[in-house]
Each structure stands twice: as C-alpha cells, then as structure tokens.
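> Contents of coords-v5.cif (mmCIF, C-alpha atoms and all ligand atoms) are given next:
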```cif
data_final
loop_
_atom_site.label_atom_id
_atom_site.label_comp_id
_atom_site.auth_asym_id
_atom_site.auth_seq_id
_atom_site.Cartn_x
_atom_site.Cartn_y
_atom_site.Cartn_z
CA MET A 61 -22.58 -11.00 -1.02
CA LYS A 62 -20.21 -10.04 -3.82
CA GLY A 63 -16.93 -8.37 -3.05
CA ARG A 64 -13.59 -9.53 -1.79
CA ALA A 65 -12.61 -11.06 1.52
CA LEU A 66 -9.52 -9.91 3.39
CA TYR A 67 -7.14 -12.69 4.42
CA LEU A 68 -4.20 -12.40 6.76
CA ASP A 69 -2.42 -15.73 6.88
CA GLY A 70 0.44 -16.35 9.32
CA VAL A 71 1.51 -12.71 9.27
CA SER A 72 4.53 -11.75 11.35
CA VAL A 73 6.22 -8.36 11.63
CA VAL A 74 9.57 -8.18 13.39
CA PHE A 75 11.10 -4.81 14.32
CA ASP A 76 14.73 -5.18 15.49
CA GLY A 77 14.05 -8.63 16.89
CA PHE A 78 10.71 -7.59 18.49
CA ARG A 79 7.60 -9.40 17.17
CA ALA A 80 4.86 -6.78 16.75
CA LEU A 81 2.75 -9.38 14.86
CA ASN A 82 3.27 -13.06 15.55
CA ASN A 83 1.74 -15.51 13.07
CA LEU A 84 -1.51 -13.50 12.88
CA SER A 85 -4.33 -15.08 10.86
CA LEU A 86 -7.65 -13.37 10.28
CA ILE A 87 -10.39 -13.42 7.66
CA VAL A 88 -12.83 -10.54 7.14
CA GLU A 89 -15.71 -11.58 4.90
CA PRO A 90 -17.08 -9.27 2.19
CA GLY A 91 -19.53 -6.83 3.78
CA GLU A 92 -18.52 -7.75 7.31
CA LEU A 93 -18.11 -5.21 10.12
CA ARG A 94 -15.32 -6.43 12.41
CA ALA A 95 -14.12 -4.84 15.63
CA VAL A 96 -10.51 -5.37 16.70
CA ILE A 97 -9.58 -4.73 20.31
CA GLY A 98 -6.55 -5.43 22.48
CA PRO A 99 -4.30 -3.79 25.04
CA ASN A 100 -1.70 -1.19 24.05
CA GLY A 101 1.11 -2.79 22.09
CA ALA A 102 -1.08 -5.76 21.01
CA GLY A 103 -0.31 -5.05 17.33
CA LYS A 104 -3.53 -3.35 16.18
CA THR A 105 -1.81 -0.45 14.41
CA THR A 106 0.80 -2.75 12.90
CA MET A 107 -2.03 -4.96 11.57
CA MET A 108 -3.63 -1.94 9.87
CA ASP A 109 -0.20 -0.87 8.51
CA VAL A 110 0.35 -4.32 7.02
CA ILE A 111 -3.05 -4.26 5.27
CA THR A 112 -2.45 -0.81 3.73
CA GLY A 113 1.14 -1.58 2.70
CA LYS A 114 2.72 0.91 5.09
CA THR A 115 4.62 -1.96 6.74
CA ARG A 116 5.79 -5.11 4.97
CA PRO A 117 5.30 -8.38 6.81
CA THR A 118 8.43 -10.32 7.69
CA ALA A 119 6.46 -13.53 7.01
CA GLY A 120 2.98 -14.58 5.91
CA THR A 121 0.54 -13.33 3.29
CA VAL A 122 -2.12 -10.63 3.10
CA ARG A 123 -4.71 -11.00 0.35
CA PHE A 124 -7.73 -9.01 -0.72
CA GLY A 125 -9.68 -11.41 -2.92
CA GLU A 126 -7.12 -12.61 -5.44
CA ALA A 127 -4.78 -9.62 -4.95
CA ASP A 128 -1.60 -10.28 -2.96
CA LEU A 129 -1.23 -7.06 -0.96
CA THR A 130 2.31 -7.89 0.14
CA ARG A 131 3.42 -7.33 -3.46
CA LEU A 132 1.77 -3.90 -3.77
CA ASP A 133 2.76 -0.46 -2.47
CA GLU A 134 0.48 1.91 -0.52
CA PRO A 135 -0.97 3.84 -3.51
CA ALA A 136 -1.71 0.59 -5.39
CA ILE A 137 -3.51 -0.83 -2.34
CA ALA A 138 -5.57 2.37 -1.96
CA THR A 139 -6.46 2.14 -5.65
CA LEU A 140 -7.80 -1.39 -5.10
CA GLY A 141 -10.46 0.20 -2.86
CA ILE A 142 -8.98 -0.05 0.63
CA GLY A 143 -9.50 3.24 2.50
CA ARG A 144 -8.08 4.08 5.92
CA LYS A 145 -9.24 6.58 8.45
CA PHE A 146 -6.59 7.53 10.99
CA GLN A 147 -7.51 8.57 14.51
CA LYS A 148 -6.93 12.28 13.96
CA PRO A 149 -9.36 13.81 11.45
CA THR A 150 -7.77 15.55 8.47
CA VAL A 151 -10.48 17.64 6.87
CA PHE A 152 -10.08 21.01 5.16
CA ASP A 153 -11.40 23.53 7.71
CA HIS A 154 -11.90 26.40 5.25
CA LEU A 155 -14.02 24.26 2.91
CA THR A 156 -17.64 23.39 3.64
CA VAL A 157 -18.79 19.85 4.35
CA PHE A 158 -20.01 19.64 0.74
CA GLU A 159 -16.72 20.95 -0.66
CA ASN A 160 -14.67 18.52 1.42
CA LEU A 161 -16.76 15.65 0.05
CA GLU A 162 -16.50 17.07 -3.49
CA LEU A 163 -12.74 17.05 -3.14
CA ALA A 164 -12.67 13.44 -1.93
CA LEU A 165 -14.99 12.34 -4.71
CA LYS A 166 -12.75 13.77 -7.42
CA ALA A 167 -9.36 12.97 -5.92
CA PRO A 168 -7.63 9.68 -6.70
CA ARG A 169 -8.07 7.12 -3.93
CA GLY A 170 -5.40 7.60 -1.28
CA ALA A 171 -4.47 11.07 -2.51
CA ILE A 172 -6.78 13.89 -1.56
CA ALA A 173 -5.38 17.13 -2.97
CA CYS A 174 -6.85 20.59 -2.57
CA VAL A 175 -8.34 21.34 -6.00
CA LYS A 176 -11.85 22.44 -7.05
CA TRP A 177 -13.91 20.96 -9.85
CA ARG A 178 -17.25 21.52 -11.52
CA LEU A 179 -19.62 18.78 -10.47
CA SER A 180 -22.00 16.71 -12.56
CA GLY A 181 -25.56 16.18 -11.30
CA GLU A 182 -24.65 12.56 -10.64
CA ALA A 183 -21.68 13.59 -8.49
CA ARG A 184 -23.89 16.02 -6.54
CA ASP A 185 -26.38 13.21 -5.90
CA ARG A 186 -23.62 10.95 -4.66
CA ILE A 187 -22.27 13.62 -2.33
CA ALA A 188 -25.80 14.18 -0.99
CA ARG A 189 -26.13 10.43 -0.33
CA VAL A 190 -22.80 10.33 1.52
CA THR A 191 -23.68 13.49 3.49
CA GLU A 192 -26.84 11.74 4.64
CA GLU A 193 -25.00 8.48 5.44
CA VAL A 194 -22.70 10.34 7.83
CA GLY A 195 -25.51 12.42 9.33
CA LEU A 196 -24.31 15.83 8.13
CA LEU A 197 -27.10 16.92 5.76
CA ALA A 198 -28.02 19.88 7.96
CA ARG A 199 -24.36 20.99 8.00
CA ALA A 200 -23.62 20.52 4.28
CA HIS A 201 -22.83 24.19 3.67
CA ASP A 202 -21.03 24.94 6.93
CA PRO A 203 -17.25 25.18 6.92
CA ALA A 204 -15.67 22.05 8.37
CA GLY A 205 -13.76 24.27 10.82
CA ILE A 206 -16.92 25.00 12.85
CA LEU A 207 -18.01 21.36 13.22
CA SER A 208 -17.70 19.48 16.52
CA HIS A 209 -14.92 16.91 16.95
CA GLY A 210 -17.42 14.10 16.30
CA GLN A 211 -18.83 15.74 13.18
CA ARG A 212 -15.32 16.20 11.78
CA GLN A 213 -14.69 12.49 12.30
CA TRP A 214 -17.94 11.73 10.43
CA LEU A 215 -16.98 14.09 7.63
CA GLU A 216 -13.71 12.26 7.19
CA ILE A 217 -15.54 8.93 7.11
CA GLY A 218 -17.75 10.54 4.43
CA MET A 219 -14.66 11.60 2.47
CA LEU A 220 -13.54 7.98 2.42
CA LEU A 221 -17.03 6.81 1.40
CA ALA A 222 -17.02 9.33 -1.47
CA GLN A 223 -14.10 7.33 -2.84
CA ASP A 224 -16.31 4.25 -2.91
CA PRO A 225 -14.08 1.89 -0.91
CA GLU A 226 -14.67 -1.84 -0.79
CA LEU A 227 -12.88 -2.12 2.56
CA LEU A 228 -12.73 0.66 5.11
CA LEU A 229 -10.19 0.57 7.97
CA VAL A 230 -11.14 2.84 10.85
CA ASP A 231 -8.72 3.65 13.67
CA GLU A 232 -10.23 4.59 17.08
CA PRO A 233 -13.11 6.67 15.70
CA VAL A 234 -14.80 7.47 19.01
CA ALA A 235 -11.79 8.70 21.02
CA GLY A 236 -12.80 12.09 22.42
CA MET A 237 -16.45 11.79 21.36
CA THR A 238 -19.44 12.42 23.61
CA ASP A 239 -21.63 9.41 24.52
CA ALA A 240 -24.29 10.54 22.04
CA GLU A 241 -21.70 10.91 19.26
CA THR A 242 -20.27 7.48 20.12
CA GLU A 243 -23.72 5.91 19.82
CA ARG A 244 -24.33 7.61 16.48
CA THR A 245 -20.94 6.49 15.20
CA ALA A 246 -21.78 2.85 16.02
CA ALA A 247 -25.09 3.10 14.13
CA MET A 248 -23.31 4.84 11.24
CA LEU A 249 -20.67 2.10 10.88
CA VAL A 250 -23.36 -0.59 11.01
CA GLY A 251 -25.11 1.25 8.15
CA ILE A 252 -21.88 1.68 6.18
CA ALA A 253 -20.95 -2.03 6.32
CA GLY A 254 -22.87 -4.39 4.06
CA PRO A 255 -22.05 -2.94 0.68
CA ARG A 256 -18.48 -2.56 2.03
CA SER A 257 -16.39 -4.37 4.65
CA VAL A 258 -15.31 -2.36 7.68
CA VAL A 259 -12.54 -3.12 10.19
CA VAL A 260 -12.62 -0.86 13.23
CA VAL A 261 -9.94 -0.73 15.91
CA GLU A 262 -11.29 0.70 19.15
CA HIS A 263 -10.61 0.74 22.91
CA ASP A 264 -14.15 1.69 23.92
CA LEU A 265 -15.89 -1.57 24.79
CA GLU A 266 -19.35 0.01 25.06
CA PHE A 267 -18.93 1.18 21.47
CA VAL A 268 -17.83 -2.31 20.40
CA ARG A 269 -20.90 -3.73 22.18
CA ALA A 270 -23.13 -1.24 20.33
CA LEU A 271 -21.68 -2.45 17.00
CA GLY A 272 -23.03 -5.91 17.92
CA ARG A 273 -20.71 -7.76 15.52
CA ARG A 274 -17.82 -10.20 15.64
CA VAL A 275 -14.88 -9.05 17.75
CA THR A 276 -11.23 -10.08 17.42
CA VAL A 277 -9.00 -9.65 20.47
CA LEU A 278 -5.30 -9.24 19.70
CA HIS A 279 -2.58 -9.89 22.24
CA GLU A 280 1.18 -9.96 21.62
CA GLY A 281 0.62 -9.86 17.87
CA SER A 282 -1.78 -12.80 17.52
CA VAL A 283 -5.48 -13.54 17.91
CA LEU A 284 -6.24 -14.29 21.56
CA SER A 285 -10.00 -14.69 21.18
CA GLU A 286 -12.73 -14.13 18.60
CA GLY A 287 -16.53 -14.07 18.70
CA SER A 288 -19.34 -11.93 20.07
CA ILE A 289 -18.50 -9.23 22.63
CA ASP A 290 -20.09 -11.42 25.33
CA HIS A 291 -18.00 -14.39 24.26
CA VAL A 292 -14.70 -12.49 24.31
CA GLN A 293 -15.49 -10.62 27.52
CA ASN A 294 -16.17 -13.93 29.26
CA ASP A 295 -13.12 -15.69 27.80
CA PRO A 296 -10.76 -16.35 30.76
CA ARG A 297 -7.69 -15.62 28.59
CA VAL A 298 -9.11 -12.21 27.70
CA ILE A 299 -10.03 -11.49 31.31
CA GLU A 300 -6.51 -12.35 32.35
CA VAL A 301 -4.51 -10.34 29.81
CA TYR A 302 -6.85 -7.65 28.62
CA LEU A 303 -9.18 -6.71 31.41
CA GLY A 304 -6.49 -7.33 34.03
CA ARG A 305 -8.85 -9.07 36.46
P1 LIG A 401 -1.30 -1.25 19.25
O1 LIG A 401 -1.77 -0.44 18.08
O2 LIG A 401 -2.14 -2.47 19.52
O3 LIG A 401 -1.12 -0.43 20.51
P2 LIG A 401 1.17 -1.43 17.78
O4 LIG A 401 0.88 -2.16 16.54
O5 LIG A 401 1.29 0.06 17.69
O6 LIG A 401 0.15 -1.84 18.93
O7 LIG A 401 2.55 -1.93 18.37
C1 LIG A 401 2.86 -3.30 18.62
C2 LIG A 401 4.26 -3.37 19.19
O8 LIG A 401 5.22 -3.11 18.16
C3 LIG A 401 4.51 -2.35 20.30
O9 LIG A 401 5.26 -2.99 21.33
C4 LIG A 401 5.33 -1.29 19.61
O10 LIG A 401 6.20 -0.66 20.53
C5 LIG A 401 6.07 -2.06 18.53
N1 LIG A 401 6.33 -1.25 17.35
C6 LIG A 401 5.41 -0.70 16.54
N2 LIG A 401 5.97 -0.05 15.50
C7 LIG A 401 7.33 -0.18 15.67
C8 LIG A 401 8.49 0.27 14.95
N3 LIG A 401 8.37 0.99 13.83
N4 LIG A 401 9.71 -0.07 15.44
C9 LIG A 401 9.83 -0.81 16.57
N5 LIG A 401 8.79 -1.27 17.29
C10 LIG A 401 7.55 -0.96 16.86
#
```
Is it possible to give me this structure as structure tokens?
Ligand code: ADP

Amino acid sequence: MKGRALYLDGVSVVFDGFRALNNLSLIVEPGELRAVIGPNGAGKTTMMDVITGKTRPTAGTVRFGEADLTRLDEPAIATLGIGRKFQKPTVFDHLTVFENLELALKAPRGAIACVKWRLSGEARDRIARVTEEVGLLARAHDPAGILSHGQRQWLEIGMLLAQDPELLLVDEPVAGMTDAETERTAAMLVGIAGPRSVVVVEHDLEFVRALGRRVTVLHEGSVLSEGSIDHVQNDPRVIEVYLGR
C-alpha cells in the first residue's frame, strides 16, 4: 500500500497544568481505518486537534510520512492531504448535492469558499464517483437543505473526498443518526478507507463493531488498550474505566 503513515510519538498537551494528552503514541498505517474511543475527557478531540495543527503539542512529535506536522500550521497540514470532518455538518443548504461537491472539488483543501465554476467533464465524472461513494446519487440535484441529518453528514464526507485526502479524520459521524443510517455510514467508511487512511472518533460501540477494524481506547490522554473490538471490550482495564462495570 503506498501512501503515508501517521505517527504520534510521545505526544503530550498540557493546558494550564492539566494533561489533556499524556505521552500518547499511535501509528495509523496507510489505508488503515482506525476507530478511537474513550470516555469524555479522554483526549480524543485534543488528539485530532494535534494532528490538524489546531493545537501544538507540549512534547512529542506528530509525523505524516516524512512531514513533521508539529512544524506546520493548519492550512499547510490540510494542503498535505489531511481532511477533517467535525461533528456538526457544514454544507451549503441552498446549493444542491452536486453543487456542494463541485464547490469542494474546486476549493483549496481546508478552505471551502462559496464560489461557482464551470466544470470539466473529468471533474463531473469525479463528482459522480464521490456522489456514489457517499450514497447520494439519487439526491444529486436536490438542495442540501432538504436532506436528512444522515444524508447531510454523508454529503460533508463527500465534500472532503472531493478534495482527494490521503488521511480523513472523522469526528462522531453517527451522533443523531438512525440505526439504518449508522449501518450505512459504517459500510461507507469501510469503502472509503483503503485508498485513504481514516481515523474515526465515535462513542457508539455498535458502530465501531460494524467497522470491524482495529480500535484504540484512550483514557487520561494515553492509549489504554488497542486491538479488535472484542479484545478491547474484554480488556479488564477498559471494563474498569470505560464501561464502568
Ligand atoms: P474528549 O474529546 O475525549 O472528550 P478532549 O480532548 O476534549 O476529550 O479533552 C481532554 C481534556 O482536556 C478534558 O479534561 C478537557 O476539559 C481538557 N481540555 C480540552 N481543551 C482544553 C483547553 N483548551 N483548555 C483547557 N483544558 C482543555
């Protein structure tokens, strides 16, 4: 598999004396789909912020292939091909699914601005491929404003895919989704990974089980357990701190 691995090596983040990340080390291989779980306050958001350059680590290194991300700012990291989807979808309601994707395709990575362009045949083909990947072909010409919550989340994932990321960071994608939408989202992310790496932070353990990939459990800013969902769910340390049993 070509592509770059993501390395977090001994990463700590200290806010006013409080350690949000504590010597966190993690490797995500090229093309891997990794789920990250952990109780509230475990450091999941801070980990994503450190990867995208929103927060600078107090100690440790973050690398994407040969690139040292701790030396780059947010736009430079986005330009490298690291896309992030926040929990709340930000799509343009008055534009159709197709137009939203058109916008993302033409905008610089990390900076989607509301401008319209004429599209080449090649660009149209790419948008059609992305529309299919996120299951919205039948809705391509509907305004985003009339889509369901789940479909809006998928559209935003599509907008990130249109920018051809090498690593996609996805924050709690299934919060507020129906069971059917949650299941489709798991299948979608499995399909999206492979050519790209995906790191998904999620609370919903059934969703994480449906992904069927390696899971990292964070607790107090470090890795508590790592492995299959069965492995981590049966790990006594996880049961104690995460499941509260
Ligand atoms: P999670 O996403 O797993 O719920 P976070 O990464 O948001 O955890 O937070 C980890 C810890 O760091 C929490 O205790 C949180 O209160 C603290 N924290 C996060 N951001 C800041 C900040 N900017 N200033 C101070 N404390 C913060």
> List as a list in words the protein and nucleic acid residues lying within 9 Å of ligand LIG 401 (chain A), with all atoms listed in the file counted.
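Counting only what the definition allows, namely all atoms listed in the file, the set is Val73, Val74, Phe75, Asp76, Gly77, Phe78, Arg79, Ala80, Leu81, Ile97, Gly98, Pro99, Asn100, Gly101, Ala102, Gly103, Lys104, Thr105, Thr106, Met107, Met108, Asp109, Thr115, Val261, Leu278, His279, Glu280 and Gly281 of chain A.
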> Which residue is closest to Arg116 in chain A? Choose from A:Leu93, A:Ile142, A:Leu129, A:Leu161 and count only C-alpha atoms.
A:Leu129
> Which residues are close to Ala119 in chain A, i.e. within 8 Å by all atoms listed in the file, leaving aside same-chain residues fewer than 4 positions away? Reply as JSON, numbers by chain.
{"A": [70, 71, 72, 73, 83]}
> Nearest to Thr112 in chain A: which of A:Ile217, A:Val96, A:Leu229, A:Ala167 is it, counting all atoms listed in the file?
A:Leu229
> Please report the interatomic distance between CA of Ile87 in chain A and CA of Thr245 in chain A in Å with one decimal.
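About the pair CA of Ile87 in chain A and CA of Thr245 in chain A: they are 23.8 Å apart.
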> Which residue is closest to Gly120 in chain A? Choose from A:Thr242, A:Gln211, A:Ser85, A:Thr191 and count all atoms listed in the file.
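Of A:Thr242, A:Gln211, A:Ser85, A:Thr191, the one nearest Gly120 in chain A is A:Ser85, counting all atoms listed in the file.
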> Do you have the CA of Pro225 in chain A-CA of Arg256 in chain A distance handy?
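Going from CA of Pro225 in chain A over to CA of Arg256 in chain A, I get 6.9 Å.
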> Can you work out the spacing between CA of Trp214 in chain A and CA of Ile137 in chain A in Å, to one decimal?
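Straight-line distance from CA of Trp214 in chain A to CA of Ile137 in chain A works out to 23.0 Å.
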> So which residues touch Ala65 in chain A within 10 Å, counting all atoms listed in the file, skipping near sequence neighbours fewer than 4 positions away, as a short mmCIF file (atom, residue, chain, number, x, y, z; two decimals) with C-alpha atoms, in the frame of the given file?

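Full text of around27.cif as output:
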```
data_model
loop_
_atom_site.label_atom_id
_atom_site.label_comp_id
_atom_site.auth_asym_id
_atom_site.auth_seq_id
_atom_site.Cartn_x
_atom_site.Cartn_y
_atom_site.Cartn_z
CA ILE A 87 -10.39 -13.42 7.66
CA VAL A 88 -12.83 -10.54 7.14
CA GLU A 89 -15.71 -11.58 4.90
CA PRO A 90 -17.08 -9.27 2.19
CA GLY A 91 -19.53 -6.83 3.78
CA GLU A 92 -18.52 -7.75 7.31
CA ARG A 123 -4.71 -11.00 0.35
CA PHE A 124 -7.73 -9.01 -0.72
CA GLY A 125 -9.68 -11.41 -2.92
CA GLU A 126 -7.12 -12.61 -5.44
CA GLU A 226 -14.67 -1.84 -0.79
CA LEU A 227 -12.88 -2.12 2.56
CA SER A 257 -16.39 -4.37 4.65
#
```
> Will you give me range 71-190 of chain A, written with C-alpha atoms and laid out as a PDB file, in the first residue's frame?

```
ATOM      1  CA  VAL A  71       2.677  13.419  22.402  1.00  0.00           C
ATOM      2  CA  SER A  72       1.665  15.464  25.423  1.00  0.00           C
ATOM      3  CA  VAL A  73      -0.599  18.504  25.563  1.00  0.00           C
ATOM      4  CA  VAL A  74      -0.745  20.478  28.792  1.00  0.00           C
ATOM      5  CA  PHE A  75      -3.409  23.157  29.325  1.00  0.00           C
ATOM      6  CA  ASP A  76      -2.703  25.251  32.446  1.00  0.00           C
ATOM      7  CA  GLY A  77      -1.034  22.326  34.181  1.00  0.00           C
ATOM      8  CA  PHE A  78      -3.728  19.821  33.067  1.00  0.00           C
ATOM      9  CA  ARG A  79      -2.513  16.959  30.823  1.00  0.00           C
ATOM     10  CA  ALA A  80      -5.108  16.505  28.066  1.00  0.00           C
ATOM     11  CA  LEU A  81      -2.667  14.169  26.238  1.00  0.00           C
ATOM     12  CA  ASN A  82      -0.072  12.268  28.217  1.00  0.00           C
ATOM     13  CA  ASN A  83       2.769  10.664  26.250  1.00  0.00           C
ATOM     14  CA  LEU A  84       0.353   9.409  23.553  1.00  0.00           C
ATOM     15  CA  SER A  85       1.874   7.150  20.886  1.00  0.00           C
ATOM     16  CA  LEU A  86      -0.099   5.810  17.952  1.00  0.00           C
ATOM     17  CA  ILE A  87       0.600   4.666  14.402  1.00  0.00           C
ATOM     18  CA  VAL A  88      -2.055   4.621  11.676  1.00  0.00           C
ATOM     19  CA  GLU A  89      -0.841   2.692   8.634  1.00  0.00           C
ATOM     20  CA  PRO A  90      -1.509   3.923   5.082  1.00  0.00           C
ATOM     21  CA  GLY A  91      -5.009   2.857   4.049  1.00  0.00           C
ATOM     22  CA  GLU A  92      -5.991   1.829   7.560  1.00  0.00           C
ATOM     23  CA  LEU A  93      -9.410   2.527   9.083  1.00  0.00           C
ATOM     24  CA  ARG A  94      -8.933   3.120  12.816  1.00  0.00           C
ATOM     25  CA  ALA A  95     -11.616   3.733  15.417  1.00  0.00           C
ATOM     26  CA  VAL A  96     -10.736   5.765  18.508  1.00  0.00           C
ATOM     27  CA  ILE A  97     -12.991   5.512  21.544  1.00  0.00           C
ATOM     28  CA  GLY A  98     -12.769   6.610  25.164  1.00  0.00           C
ATOM     29  CA  PRO A  99     -14.805   8.289  27.882  1.00  0.00           C
ATOM     30  CA  ASN A 100     -15.479  12.032  27.861  1.00  0.00           C
ATOM     31  CA  GLY A 101     -12.310  13.962  28.569  1.00  0.00           C
ATOM     32  CA  ALA A 102     -10.064  11.073  27.404  1.00  0.00           C
ATOM     33  CA  GLY A 103      -8.309  13.369  24.905  1.00  0.00           C
ATOM     34  CA  LYS A 104      -9.928  12.309  21.607  1.00  0.00           C
ATOM     35  CA  THR A 105     -10.653  15.844  20.401  1.00  0.00           C
ATOM     36  CA  THR A 106      -7.255  17.078  21.544  1.00  0.00           C
ATOM     37  CA  MET A 107      -5.644  14.215  19.576  1.00  0.00           C
ATOM     38  CA  MET A 108      -7.492  15.296  16.411  1.00  0.00           C
ATOM     39  CA  ASP A 109      -6.529  18.949  17.096  1.00  0.00           C
ATOM     40  CA  VAL A 110      -2.867  17.995  17.400  1.00  0.00           C
ATOM     41  CA  ILE A 111      -2.940  16.115  14.072  1.00  0.00           C
ATOM     42  CA  THR A 112      -4.558  19.027  12.199  1.00  0.00           C
ATOM     43  CA  GLY A 113      -2.315  21.663  13.791  1.00  0.00           C
ATOM     44  CA  LYS A 114      -5.110  23.366  15.715  1.00  0.00           C
ATOM     45  CA  THR A 115      -3.262  22.604  18.966  1.00  0.00           C
ATOM     46  CA  ARG A 116       0.514  22.383  19.336  1.00  0.00           C
ATOM     47  CA  PRO A 117       1.850  19.539  21.449  1.00  0.00           C
ATOM     48  CA  THR A 118       3.784  20.496  24.554  1.00  0.00           C
ATOM     49  CA  ALA A 119       6.055  17.491  23.908  1.00  0.00           C
ATOM     50  CA  GLY A 120       6.450  14.703  21.361  1.00  0.00           C
ATOM     51  CA  THR A 121       6.234  14.503  17.581  1.00  0.00           C
ATOM     52  CA  VAL A 122       3.470  14.071  15.018  1.00  0.00           C
ATOM     53  CA  ARG A 123       4.535  12.919  11.563  1.00  0.00           C
ATOM     54  CA  PHE A 124       2.703  12.134   8.355  1.00  0.00           C
ATOM     55  CA  GLY A 125       5.218  10.138   6.332  1.00  0.00           C
ATOM     56  CA  GLU A 126       8.317  12.310   6.346  1.00  0.00           C
ATOM     57  CA  ALA A 127       6.437  15.536   7.151  1.00  0.00           C
ATOM     58  CA  ASP A 128       6.766  16.841  10.715  1.00  0.00           C
ATOM     59  CA  LEU A 129       3.270  18.184  11.399  1.00  0.00           C
ATOM     60  CA  THR A 130       4.340  19.976  14.570  1.00  0.00           C
ATOM     61  CA  ARG A 131       6.265  22.428  12.371  1.00  0.00           C
ATOM     62  CA  LEU A 132       3.300  23.194  10.087  1.00  0.00           C
ATOM     63  CA  ASP A 133       0.216  25.372  10.550  1.00  0.00           C
ATOM     64  CA  GLU A 134      -3.389  24.269   9.903  1.00  0.00           C
ATOM     65  CA  PRO A 135      -3.624  25.324   6.223  1.00  0.00           C
ATOM     66  CA  ALA A 136      -0.279  23.654   5.415  1.00  0.00           C
ATOM     67  CA  ILE A 137      -1.432  20.410   7.062  1.00  0.00           C
ATOM     68  CA  ALA A 138      -4.728  20.499   5.122  1.00  0.00           C
ATOM     69  CA  THR A 139      -2.734  21.036   1.924  1.00  0.00           C
ATOM     70  CA  LEU A 140      -0.729  17.877   2.657  1.00  0.00           C
ATOM     71  CA  GLY A 141      -4.000  15.952   2.255  1.00  0.00           C
ATOM     72  CA  ILE A 142      -5.338  15.664   5.792  1.00  0.00           C
ATOM     73  CA  GLY A 143      -9.080  16.417   5.848  1.00  0.00           C
ATOM     74  CA  ARG A 144     -11.228  16.715   8.958  1.00  0.00           C
ATOM     75  CA  LYS A 145     -14.931  16.310   9.364  1.00  0.00           C
ATOM     76  CA  PHE A 146     -16.308  17.909  12.518  1.00  0.00           C
ATOM     77  CA  GLN A 147     -19.366  16.517  14.261  1.00  0.00           C
ATOM     78  CA  LYS A 148     -21.739  19.206  13.025  1.00  0.00           C
ATOM     79  CA  PRO A 149     -22.223  19.131   9.239  1.00  0.00           C
ATOM     80  CA  THR A 150     -21.424  22.368   7.418  1.00  0.00           C
ATOM     81  CA  VAL A 151     -22.933  22.073   3.970  1.00  0.00           C
ATOM     82  CA  PHE A 152     -24.453  24.843   1.875  1.00  0.00           C
ATOM     83  CA  ASP A 153     -28.221  24.332   2.200  1.00  0.00           C
ATOM     84  CA  HIS A 154     -29.198  26.432  -0.832  1.00  0.00           C
ATOM     85  CA  LEU A 155     -26.857  24.505  -3.151  1.00  0.00           C
ATOM     86  CA  THR A 156     -27.680  21.039  -4.470  1.00  0.00           C
ATOM     87  CA  VAL A 157     -25.686  17.959  -3.503  1.00  0.00           C
ATOM     88  CA  PHE A 158     -23.859  18.234  -6.843  1.00  0.00           C
ATOM     89  CA  GLU A 159     -23.102  21.937  -6.347  1.00  0.00           C
ATOM     90  CA  ASN A 160     -21.789  21.376  -2.826  1.00  0.00           C
ATOM     91  CA  LEU A 161     -19.426  18.718  -4.181  1.00  0.00           C
ATOM     92  CA  GLU A 162     -18.448  20.978  -7.097  1.00  0.00           C
ATOM     93  CA  LEU A 163     -17.512  23.661  -4.613  1.00  0.00           C
ATOM     94  CA  ALA A 164     -15.394  21.282  -2.538  1.00  0.00           C
ATOM     95  CA  LEU A 165     -13.664  19.933  -5.627  1.00  0.00           C
ATOM     96  CA  LYS A 166     -12.577  23.383  -6.764  1.00  0.00           C
ATOM     97  CA  ALA A 167     -11.801  24.949  -3.397  1.00  0.00           C
ATOM     98  CA  PRO A 168      -8.309  24.705  -1.924  1.00  0.00           C
ATOM     99  CA  ARG A 169      -8.029  21.964   0.687  1.00  0.00           C
ATOM    100  CA  GLY A 170      -9.092  23.271   4.075  1.00  0.00           C
ATOM    101  CA  ALA A 171     -10.798  26.338   2.620  1.00  0.00           C
ATOM    102  CA  ILE A 172     -14.200  25.820   1.072  1.00  0.00           C
ATOM    103  CA  ALA A 173     -15.491  29.169  -0.169  1.00  0.00           C
ATOM    104  CA  CYS A 174     -18.817  29.838  -1.836  1.00  0.00           C
ATOM    105  CA  VAL A 175     -17.906  30.370  -5.494  1.00  0.00           C
ATOM    106  CA  LYS A 176     -19.207  28.726  -8.698  1.00  0.00           C
ATOM    107  CA  TRP A 177     -17.102  27.374 -11.524  1.00  0.00           C
ATOM    108  CA  ARG A 178     -17.577  25.779 -14.917  1.00  0.00           C
ATOM    109  CA  LEU A 179     -16.757  22.106 -14.670  1.00  0.00           C
ATOM    110  CA  SER A 180     -14.700  19.930 -16.978  1.00  0.00           C
ATOM    111  CA  GLY A 181     -16.056  16.509 -17.968  1.00  0.00           C
ATOM    112  CA  GLU A 182     -13.367  14.953 -15.807  1.00  0.00           C
ATOM    113  CA  ALA A 183     -14.489  16.967 -12.778  1.00  0.00           C
ATOM    114  CA  ARG A 184     -18.113  15.955 -13.396  1.00  0.00           C
ATOM    115  CA  ASP A 185     -17.046  12.299 -13.501  1.00  0.00           C
ATOM    116  CA  ARG A 186     -15.180  12.674 -10.244  1.00  0.00           C
ATOM    117  CA  ILE A 187     -18.163  14.318  -8.556  1.00  0.00           C
ATOM    118  CA  ALA A 188     -20.391  11.498  -9.820  1.00  0.00           C
ATOM    119  CA  ARG A 189     -17.971   8.938  -8.339  1.00  0.00           C
ATOM    120  CA  VAL A 190     -17.939  10.712  -4.973  1.00  0.00           C
TER     121      VAL A 190
END
```
